[in-house]
Amino acid sequence: MTARSSAAVEHTDTHVNLKVLPTAGLPAFILSAGSKDAFDRFIFARHGASAQQAKNDYQQHSHSRFSEHTASYASAVFGRYVDYKVALSQQNLEVPGSAVFQDIADTLDAREVLRRRFFDDHEYTILFADEAAEDHRALSRLRIAGDAGLTARQKKQQIFEQIDALDEQQQVGFLPTLNMHKVAQIKQQFADDTSRYNALAALIGDKPAQRMVVTWQKQAQWQARVEQYRDFRETLRQQRLDTHMQNTLLDEYQRTHFSTNERKRLHVVRTQ
């Protein structure tokens, strides 16, 4: 990976030393986790402007907002961030939507190399470490999903174990998926409605738990009726009746025990 120039490192060292020094009544610029979003907003507000124009505007902005020495560092970091975004676009290093593991892995590696061309280790950690970590966690999940040596059940278990190990903030985007996974586990773990309701209520609240239990009850009742239908069909087959008679008796059974809409659902069962 390409090392940063000594001049850039000197800017960083100066910036670090000035963090605790009051200067000219203006606050010091301190590179933080929010700086990247602030840079992006500044660039977005100048959509259509050239890269150089954005840099010039930020230089004026930084000198009106930050102390003298740190304003220069802020402008320098922003300028390199603009150059990074331009290079990112030119090299087409946005993560592809394709699910091809190696394509995504290669893109992430190339993007990291590009970032380190423009930023030293301290800056990289602040600006990109969290995003890079999430990218590699996503890559790990994709690797699991594509592992031919794992069963579907094993893949699902390993992926959810990884997600479950994230902290609360990292899990935010996965909460609906995590909750549905936990709901499915509750359904498998508990056989009686009371236990299922208590576990669901602790996870998703009373009213959603009530609705879920009622839904499961209806599913269980439907499945029981389907099994009764299958038993009846199997009985007819064992009696070795001709096909016409079997179909007539099956139709009569359906009209007696199922509504019109239910018979449409039952059509799939009948063809199995």
# chains A, B, ... in the order shown; residues from 1 in each chain; ligands from 1
call {"tool": "residues_around", "arguments": {"residues": "region 127-141 of chain A", "least_positions_apart": "4", "cutoff": "6 Å", "atoms": "only C-alpha atoms", "output": "list in words"}}
result
Ala33, Lys36, Glu123 and Ile159 of chain A
call {"tool": "select_by_dssp", "arguments": {"residues": "region 8-225 of chain A", "states": "helix (DSSP H, G or I)", "output": "MDAnalysis selection string"}}
result
chainID A and resid 8:18 35:44 51:65 68:90 101:118 121:145 152:164 168:189 193:204 206:225
call {"tool": "closest_residue", "arguments": {"among": "A:Gln189, A:Asp57, A:Tyr84, A:Arg225", "to": "Arg117 (chain A)", "atoms": "only C-alpha atoms"}}
result
A:Tyr84
call {"tool": "residues_around", "arguments": {"residues": "Gln185 (chain A)", "least_positions_apart": "3", "cutoff": "12 Å", "atoms": "only C-alpha atoms", "output": "ChimeraX atom specification"}}
result
/A:157,160,178-182,188-191,196,199-200,203
call {"tool": "residues_around", "arguments": {"residues": "region 52-54 of chain A", "least_positions_apart": "4", "cutoff": "10 Å", "atoms": "only C-alpha atoms", "output": "list in words"}}
result
Phe42, Ile43, Phe44, Ala45, Arg46, His47, Gly48, Tyr58, Gln59, Phe78, Gly79, Val82 and Asp83 of chain A
call {"tool": "residues_around", "arguments": {"residues": "Arg65 (chain A)", "least_positions_apart": "6", "cutoff": "8 Å", "atoms": "only C-alpha atoms", "output": "PDB file with C-alpha atoms, in the first residue's frame"}}
result
ATOM      1  CA  LEU A  26     -12.843  29.687  16.997  1.00  0.00           C
ATOM      2  CA  PRO A  27     -13.080  25.965  17.761  1.00  0.00           C
ATOM      3  CA  ALA A  71      -8.692  25.258   9.344  1.00  0.00           C
TER       4      ALA A  71
END
call {"tool": "residues_around", "arguments": {"residues": "Tyr81 (chain A)", "least_positions_apart": "3", "cutoff": "9 Å", "atoms": "only C-alpha atoms", "output": "ChimeraX atom specification"}}
result
/A:36,39,76-78,84-86,115,118-119
call {"tool": "residues_around", "arguments": {"residues": "His257 (chain A)", "least_positions_apart": "4", "cutoff": "12 Å", "atoms": "only C-alpha atoms", "output": "list of chain:residue names"}}
result
A:Trp222, A:Arg225, A:Val226, A:Gln228, A:Tyr229, A:Phe232, A:Leu250, A:Asp251, A:Glu252, A:Tyr253, A:Asn261, A:Glu262, A:Arg263, A:Leu266
call {"tool": "write_last_selection", "arguments": {"atoms": "N, CA, C and O atoms", "output": "mmCIF file, in the first residue's frame"}}
result
data_model
loop_
_atom_site.group_PDB
_atom_site.id
_atom_site.type_symbol
_atom_site.label_atom_id
_atom_site.label_comp_id
_atom_site.auth_asym_id
_atom_site.auth_seq_id
_atom_site.Cartn_x
_atom_site.Cartn_y
_atom_site.Cartn_z
ATOM 1 N N TRP A 222 -55.506 -25.571 9.948
ATOM 2 C CA TRP A 222 -55.536 -25.842 8.506
ATOM 3 C C TRP A 222 -54.712 -27.084 8.183
ATOM 4 O O TRP A 222 -55.145 -27.947 7.424
ATOM 5 N N ARG A 225 -56.554 -30.235 9.071
ATOM 6 C CA ARG A 225 -57.620 -30.556 8.109
ATOM 7 C C ARG A 225 -57.031 -31.098 6.808
ATOM 8 O O ARG A 225 -57.608 -32.005 6.179
ATOM 9 N N VAL A 226 -55.898 -30.559 6.412
ATOM 10 C CA VAL A 226 -55.222 -31.058 5.208
ATOM 11 C C VAL A 226 -54.782 -32.501 5.416
ATOM 12 O O VAL A 226 -54.925 -33.353 4.518
ATOM 13 N N GLN A 228 -56.138 -34.671 7.383
ATOM 14 C CA GLN A 228 -57.350 -35.499 7.349
ATOM 15 C C GLN A 228 -57.755 -35.773 5.899
ATOM 16 O O GLN A 228 -58.170 -36.896 5.558
ATOM 17 N N TYR A 229 -57.648 -34.760 5.069
ATOM 18 C CA TYR A 229 -57.968 -34.928 3.648
ATOM 19 C C TYR A 229 -57.021 -35.941 3.013
ATOM 20 O O TYR A 229 -57.443 -36.821 2.235
ATOM 21 N N PHE A 232 -57.953 -39.410 4.004
ATOM 22 C CA PHE A 232 -59.136 -39.858 3.264
ATOM 23 C C PHE A 232 -58.745 -40.267 1.852
ATOM 24 O O PHE A 232 -59.203 -41.309 1.338
ATOM 25 N N LEU A 250 -63.609 -37.571 -3.712
ATOM 26 C CA LEU A 250 -62.730 -36.493 -3.247
ATOM 27 C C LEU A 250 -63.400 -35.134 -3.399
ATOM 28 O O LEU A 250 -63.328 -34.284 -2.510
ATOM 29 N N ASP A 251 -64.071 -34.929 -4.530
ATOM 30 C CA ASP A 251 -64.786 -33.665 -4.756
ATOM 31 C C ASP A 251 -65.883 -33.484 -3.713
ATOM 32 O O ASP A 251 -66.084 -32.375 -3.197
ATOM 33 N N GLU A 252 -66.575 -34.538 -3.418
ATOM 34 C CA GLU A 252 -67.648 -34.468 -2.419
ATOM 35 C C GLU A 252 -67.064 -34.142 -1.035
ATOM 36 O O GLU A 252 -67.633 -33.338 -0.281
ATOM 37 N N TYR A 253 -65.940 -34.774 -0.714
ATOM 38 C CA TYR A 253 -65.288 -34.502 0.580
ATOM 39 C C TYR A 253 -64.875 -33.032 0.670
ATOM 40 O O TYR A 253 -65.083 -32.372 1.703
ATOM 41 N N ASN A 261 -62.764 -20.879 -1.319
ATOM 42 C CA ASN A 261 -61.385 -20.391 -1.295
ATOM 43 C C ASN A 261 -60.431 -21.444 -0.752
ATOM 44 O O ASN A 261 -59.289 -21.566 -1.221
ATOM 45 N N GLU A 262 -60.879 -22.193 0.233
ATOM 46 C CA GLU A 262 -60.032 -23.240 0.787
ATOM 47 C C GLU A 262 -59.781 -24.339 -0.225
ATOM 48 O O GLU A 262 -58.684 -24.907 -0.268
ATOM 49 N N ARG A 263 -60.756 -24.608 -1.074
ATOM 50 C CA ARG A 263 -60.565 -25.644 -2.100
ATOM 51 C C ARG A 263 -59.519 -25.210 -3.124
ATOM 52 O O ARG A 263 -58.818 -26.060 -3.679
ATOM 53 N N LEU A 266 -56.378 -26.012 -1.524
ATOM 54 C CA LEU A 266 -56.256 -27.469 -1.434
ATOM 55 C C LEU A 266 -55.842 -28.099 -2.768
ATOM 56 O O LEU A 266 -55.357 -29.215 -2.797
#
call {"tool": "atom_distance", "arguments": {"atom1": "CA of Gln162 (chain A)", "atom2": "CA of Asp121 (chain A)"}}
result
27.1 Å
